[in-house]
Amino acid sequence: MRRYAPGVAAVLCVGVLGLTGCGSNAGAATTTQVQVAPSAPTAAPKAVPSSGLAPLVVVPGGYLKGSEADPEQLSGPFTAELYLDTLSPLPAVDRALLLNASFTEGYQVFRVSPDRRKRFTLELFKTGSKAKAADLQQGFWKQDVHSRKFAVRGVPGVLADARVEVVGSSDQMEAVAQTSFVVGTLVAELTVRESGTLQNTPAPDAALIAILTKQQKDRLARKSG
């Protein structure tokens, strides 16, 4: 959700492509029965553990899930290694931050607006203590350039920024509204992005992310309380 590497394409594709296959060897006959040894079981893919963070997330109403084929549009739990391999644009830096924070688990939610113009991302990071959560929040926040702060009522200590960035070429623009806050040992980062052009530059949706940030903070506070 944050700290995207330069040149990342902003076009999204919503939907899941299902692939199915079938085959048949009906009609084959033999007069000799051959006993075949059972084949070795296929190794199961490494599963991502379930997470107790899932019930804590808040998403904008009416927004749709992203593409399962795109790892950046992941909605689900992540380990440190999964985050560093698929979501982090600065793996070496973020590895140190997560290690210092005694990171234990994370959860990301990705959603796209029905008109596919806006993309919402929420990331939750569970750390070892309140102090470590604050350090992780600051470490992540300092990796971006923030140009316009704005207030979010009801969320003390929130970090908030609204900016417009050049993406890819000088004609491609992206409006970013971003917040980060800490509740207990959890760090929450929310981002709303919208792509446009120099001739039709979008404005950061600070109003939407302020509402979502307050709702997310309230839900985490109820859990912590």
# chains A, B, ... in the order shown; residues from 1 in each chain; ligands from 1

call {"tool": "residues_around", "arguments": {"residues": "range 81-89 of chain A", "least_positions_apart": "2", "cutoff": "6 Å", "atoms": "only C-alpha atoms", "output": "PyMOL selection string"}}
result
chain A and resi 5+71-72+78-79+91

call {"tool": "write_last_selection", "arguments": {"atoms": "N, CA, C and O atoms", "output": "tab-separated table (two decimals), in the first residue's frame"}}
result
chain	number	residue	atom	x	y	z
A	5	ALA	N	7.56	1.26	-5.57
A	5	ALA	CA	8.77	1.54	-6.35
A	5	ALA	C	8.42	2.34	-7.58
A	5	ALA	O	7.34	2.17	-8.16
A	71	PRO	N	0.20	-10.38	-6.69
A	71	PRO	CA	0.55	-10.46	-5.27
A	71	PRO	C	0.38	-9.15	-4.54
A	71	PRO	O	0.14	-9.14	-3.33
A	72	GLU	N	0.48	-8.02	-5.23
A	72	GLU	CA	0.30	-6.73	-4.57
A	72	GLU	C	-1.16	-6.48	-4.21
A	72	GLU	O	-1.47	-5.58	-3.43
A	78	PHE	N	-0.20	-12.37	6.12
A	78	PHE	CA	1.15	-12.53	5.57
A	78	PHE	C	2.15	-12.69	6.71
A	78	PHE	O	1.99	-12.14	7.80
A	79	THR	N	3.16	-13.51	6.43
A	79	THR	CA	4.30	-13.65	7.32
A	79	THR	C	5.34	-12.60	6.93
A	79	THR	O	5.19	-11.89	5.93
A	91	PRO	N	12.97	-4.54	0.55
A	91	PRO	CA	13.04	-5.72	1.42
A	91	PRO	C	14.16	-5.66	2.46
A	91	PRO	O	13.94	-6.05	3.62

call {"tool": "closest_atom_pairs", "arguments": {"of": "range 174-211 of chain A", "to": "range 138-160 of chain A", "cutoff": "6 Å", "atoms": "only C-alpha atoms", "output": "JSON lines"}}
result
{"residue": "A:Gln178", "atom": "CA", "partner": "A:Ala160", "partner_atom": "CA", "distance": 5.7}
{"residue": "A:Thr179", "atom": "CA", "partner": "A:Ala160", "partner_atom": "CA", "distance": 4.3}
{"residue": "A:Ser180", "atom": "CA", "partner": "A:Leu159", "partner_atom": "CA", "distance": 5.1}
{"residue": "A:Phe181", "atom": "CA", "partner": "A:Val158", "partner_atom": "CA", "distance": 4.7}
{"residue": "A:Ala210", "atom": "CA", "partner": "A:Val152", "partner_atom": "CA", "distance": 5.5}

call {"tool": "residues_around", "arguments": {"residues": "Val58 in chain A", "least_positions_apart": "4", "cutoff": "10 Å", "atoms": "only C-alpha atoms", "output": "PDB file with C-alpha atoms, in the first residue's frame"}}
result
ATOM      1  CA  ALA A  54      -8.989 -10.804   9.733  1.00  0.00           C
ATOM      2  CA  VAL A 109      -6.754  -6.050   2.453  1.00  0.00           C
ATOM      3  CA  LEU A 122      -5.023  -1.646   4.503  1.00  0.00           C
ATOM      4  CA  LEU A 212     -11.977   4.723   7.091  1.00  0.00           C
ATOM      5  CA  THR A 213      -9.126   5.580   9.452  1.00  0.00           C
ATOM      6  CA  LYS A 214     -11.537   6.572  12.247  1.00  0.00           C
ATOM      7  CA  GLN A 215     -13.592   3.416  11.730  1.00  0.00           C
ATOM      8  CA  GLN A 216     -10.467   1.243  11.695  1.00  0.00           C
ATOM      9  CA  LYS A 217      -9.072   2.872  14.828  1.00  0.00           C
ATOM     10  CA  ASP A 218     -12.367   2.375  16.676  1.00  0.00           C
ATOM     11  CA  ARG A 219     -12.497  -1.299  15.756  1.00  0.00           C
ATOM     12  CA  LEU A 220      -8.903  -1.926  16.864  1.00  0.00           C
TER      13      LEU A 220
END

call {"tool": "residues_around", "arguments": {"residues": "range 189-196 of chain A", "least_positions_apart": "6", "cutoff": "6 Å", "atoms": "only C-alpha atoms", "output": "ChimeraX atom specification"}}
result
/A:1,117-123,173-180,202

call {"tool": "write_last_selection", "arguments": {"atoms": "all heavy atoms", "output": "compact mmCIF listing (two decimals), in the first residue's frame"}}
result
# COMPACT_ATOMS: atom_id res chain seq x y z
N MET A 1 0.79 -1.19 0.00
CA MET A 1 0.00 0.00 0.00
C MET A 1 0.82 1.25 0.00
O MET A 1 0.42 2.28 -0.45
CB MET A 1 -0.91 0.01 1.20
CG MET A 1 -0.18 0.04 2.53
SD MET A 1 -1.24 0.36 3.92
CE MET A 1 -1.51 2.07 3.77
N ARG A 117 -11.39 3.13 -10.47
CA ARG A 117 -10.53 4.31 -10.44
C ARG A 117 -9.70 4.39 -9.16
O ARG A 117 -8.56 4.85 -9.19
CB ARG A 117 -11.37 5.58 -10.60
CG ARG A 117 -12.04 5.71 -11.96
CD ARG A 117 -12.95 6.92 -12.00
NE ARG A 117 -12.24 8.15 -11.64
CZ ARG A 117 -12.84 9.31 -11.42
NH1 ARG A 117 -14.16 9.39 -11.51
NH2 ARG A 117 -12.12 10.37 -11.10
N LYS A 118 -10.28 3.95 -8.06
CA LYS A 118 -9.60 4.09 -6.77
C LYS A 118 -9.25 2.72 -6.21
O LYS A 118 -10.03 1.77 -6.32
CB LYS A 118 -10.48 4.85 -5.77
CG LYS A 118 -10.76 6.28 -6.20
CD LYS A 118 -11.63 7.00 -5.18
CE LYS A 118 -11.93 8.43 -5.65
NZ LYS A 118 -12.78 9.16 -4.68
N ARG A 119 -8.07 2.63 -5.61
CA ARG A 119 -7.62 1.39 -4.98
C ARG A 119 -7.35 1.66 -3.50
O ARG A 119 -6.63 2.60 -3.15
CB ARG A 119 -6.33 0.88 -5.63
CG ARG A 119 -6.51 0.34 -7.04
CD ARG A 119 -6.13 1.34 -8.08
NE ARG A 119 -4.74 1.73 -8.00
CZ ARG A 119 -4.26 2.88 -8.41
NH1 ARG A 119 -5.08 3.80 -8.93
NH2 ARG A 119 -2.98 3.16 -8.32
N PHE A 120 -7.96 0.83 -2.67
CA PHE A 120 -7.80 0.97 -1.23
C PHE A 120 -6.97 -0.19 -0.70
O PHE A 120 -7.20 -1.35 -1.07
CB PHE A 120 -9.17 0.96 -0.54
CG PHE A 120 -9.09 0.78 0.95
CD1 PHE A 120 -8.74 1.84 1.78
CD2 PHE A 120 -9.36 -0.45 1.53
CE1 PHE A 120 -8.65 1.67 3.16
CE2 PHE A 120 -9.29 -0.64 2.89
CZ PHE A 120 -8.94 0.43 3.72
N THR A 121 -6.00 0.12 0.16
CA THR A 121 -5.20 -0.92 0.78
C THR A 121 -5.08 -0.65 2.28
O THR A 121 -4.85 0.50 2.69
CB THR A 121 -3.78 -0.98 0.18
OG1 THR A 121 -3.87 -1.01 -1.23
CG2 THR A 121 -3.06 -2.24 0.64
N LEU A 122 -5.25 -1.69 3.07
CA LEU A 122 -5.02 -1.65 4.50
C LEU A 122 -4.00 -2.71 4.85
O LEU A 122 -4.11 -3.86 4.40
CB LEU A 122 -6.32 -1.92 5.27
CG LEU A 122 -6.17 -2.30 6.75
CD1 LEU A 122 -5.68 -1.12 7.57
CD2 LEU A 122 -7.46 -2.88 7.30
N GLU A 123 -3.00 -2.33 5.63
CA GLU A 123 -2.02 -3.29 6.15
C GLU A 123 -1.98 -3.18 7.67
O GLU A 123 -1.89 -2.07 8.21
CB GLU A 123 -0.63 -3.04 5.56
CG GLU A 123 -0.51 -3.43 4.10
CD GLU A 123 0.87 -3.13 3.54
OE1 GLU A 123 1.67 -2.46 4.23
OE2 GLU A 123 1.15 -3.58 2.42
N MET A 173 -0.09 10.52 -13.60
CA MET A 173 -0.14 11.04 -12.25
C MET A 173 -0.94 10.10 -11.35
O MET A 173 -1.79 9.32 -11.82
CB MET A 173 -0.80 12.43 -12.24
CG MET A 173 -0.25 13.40 -13.27
SD MET A 173 1.51 13.78 -13.02
CE MET A 173 1.42 14.73 -11.51
N GLU A 174 -0.66 10.17 -10.06
CA GLU A 174 -1.39 9.36 -9.09
C GLU A 174 -1.63 10.18 -7.83
O GLU A 174 -0.71 10.74 -7.25
CB GLU A 174 -0.62 8.09 -8.75
CG GLU A 174 -1.40 7.12 -7.89
CD GLU A 174 -0.71 5.77 -7.78
OE1 GLU A 174 0.42 5.74 -7.27
OE2 GLU A 174 -1.29 4.75 -8.21
N ALA A 175 -2.88 10.24 -7.42
CA ALA A 175 -3.26 10.92 -6.19
C ALA A 175 -3.24 9.91 -5.05
O ALA A 175 -3.79 8.81 -5.18
CB ALA A 175 -4.64 11.53 -6.32
N VAL A 176 -2.59 10.27 -3.95
CA VAL A 176 -2.41 9.36 -2.83
C VAL A 176 -2.89 10.02 -1.54
O VAL A 176 -2.46 11.12 -1.20
CB VAL A 176 -0.93 8.95 -2.66
CG1 VAL A 176 -0.78 7.94 -1.52
CG2 VAL A 176 -0.38 8.39 -3.96
N ALA A 177 -3.79 9.36 -0.84
CA ALA A 177 -4.18 9.75 0.52
C ALA A 177 -3.77 8.60 1.43
O ALA A 177 -4.13 7.45 1.19
CB ALA A 177 -5.67 10.02 0.60
N GLN A 178 -3.03 8.93 2.49
CA GLN A 178 -2.38 7.89 3.27
C GLN A 178 -2.43 8.23 4.76
O GLN A 178 -2.24 9.39 5.14
CB GLN A 178 -0.92 7.76 2.81
CG GLN A 178 -0.09 6.71 3.48
CD GLN A 178 1.32 6.70 2.92
OE1 GLN A 178 1.80 7.69 2.39
NE2 GLN A 178 2.00 5.57 3.04
N THR A 179 -2.70 7.23 5.59
CA THR A 179 -2.66 7.41 7.04
C THR A 179 -1.95 6.25 7.69
O THR A 179 -1.88 5.14 7.14
CB THR A 179 -4.07 7.54 7.65
OG1 THR A 179 -4.81 6.33 7.39
CG2 THR A 179 -4.83 8.72 7.09
N SER A 180 -1.44 6.50 8.89
CA SER A 180 -0.79 5.47 9.69
C SER A 180 -1.02 5.79 11.16
O SER A 180 -0.89 6.94 11.58
CB SER A 180 0.72 5.43 9.38
OG SER A 180 1.39 4.52 10.23
N PRO A 202 -6.09 13.65 -10.78
CA PRO A 202 -7.06 13.44 -9.70
C PRO A 202 -6.61 14.10 -8.41
O PRO A 202 -5.43 14.44 -8.24
CB PRO A 202 -7.07 11.90 -9.56
CG PRO A 202 -5.70 11.49 -10.01
CD PRO A 202 -5.31 12.45 -11.09

call {"tool": "select_by_dssp", "arguments": {"residues": "range 9-221 of chain A", "states": "strand (DSSP E)", "output": "PyMOL selection string"}}
result
chain A and resi 64-65+76-78+105-112+118-126+159-166+172-183+186-197

call {"tool": "residues_around", "arguments": {"residues": "Leu186 in chain A", "least_positions_apart": "6", "cutoff": "8 Å", "atoms": "only C-alpha atoms", "output": "short mmCIF file (atom, residue, chain, number, x, y, z; two decimals) with C-alpha atoms, in the first residue's frame"}}
result
data_model
loop_
_atom_site.label_atom_id
_atom_site.label_comp_id
_atom_site.auth_asym_id
_atom_site.auth_seq_id
_atom_site.Cartn_x
_atom_site.Cartn_y
_atom_site.Cartn_z
CA LEU A 124 -1.90 -4.40 9.78
CA PHE A 125 1.37 -5.30 11.50
CA LYS A 126 1.44 -7.00 14.91
CA THR A 127 4.59 -6.22 16.90
CA LYS A 130 3.62 -0.60 22.03
CA ALA A 133 4.87 -0.58 17.15
#

call {"tool": "closest_residue", "arguments": {"among": "A:Ser113, A:Gly106, A:Val166, A:Ala80", "to": "Gly66 in chain A", "atoms": "only C-alpha atoms"}}
result
A:Ser113

call {"tool": "select_by_dssp", "arguments": {"residues": "range 25-203 of chain A", "states": "alpha helix (DSSP H)", "output": "PyMOL selection string"}}
result
chain A and resi 80-82+91-100+130-141

call {"tool": "closest_residue", "arguments": {"among": "A:Arg116, A:Arg111, A:Lys223, A:Arg163", "to": "Pro55 in chain A", "atoms": "only C-alpha atoms"}}
result
A:Lys223

call {"tool": "atom_distance", "arguments": {"atom1": "CA of Val167 in chain A", "atom2": "CA of Gln73 in chain A"}}
result
18.2 Å

call {"tool": "atom_distance", "arguments": {"atom1": "CA of Gly62 in chain A", "atom2": "CA of Gln137 in chain A"}}
result
28.8 Å

call {"tool": "atom_distance", "arguments": {"atom1": "CA of Asp94 in chain A", "atom2": "CA of Val164 in chain A"}}
result
24.2 Å

call {"tool": "residues_around", "arguments": {"residues": "Lys132 in chain A", "least_positions_apart": "2", "cutoff": "9 Å", "atoms": "only C-alpha atoms", "output": "VMD selection string"}}
result
chain A and resid 100 to 103 127 to 130 134 to 137 185
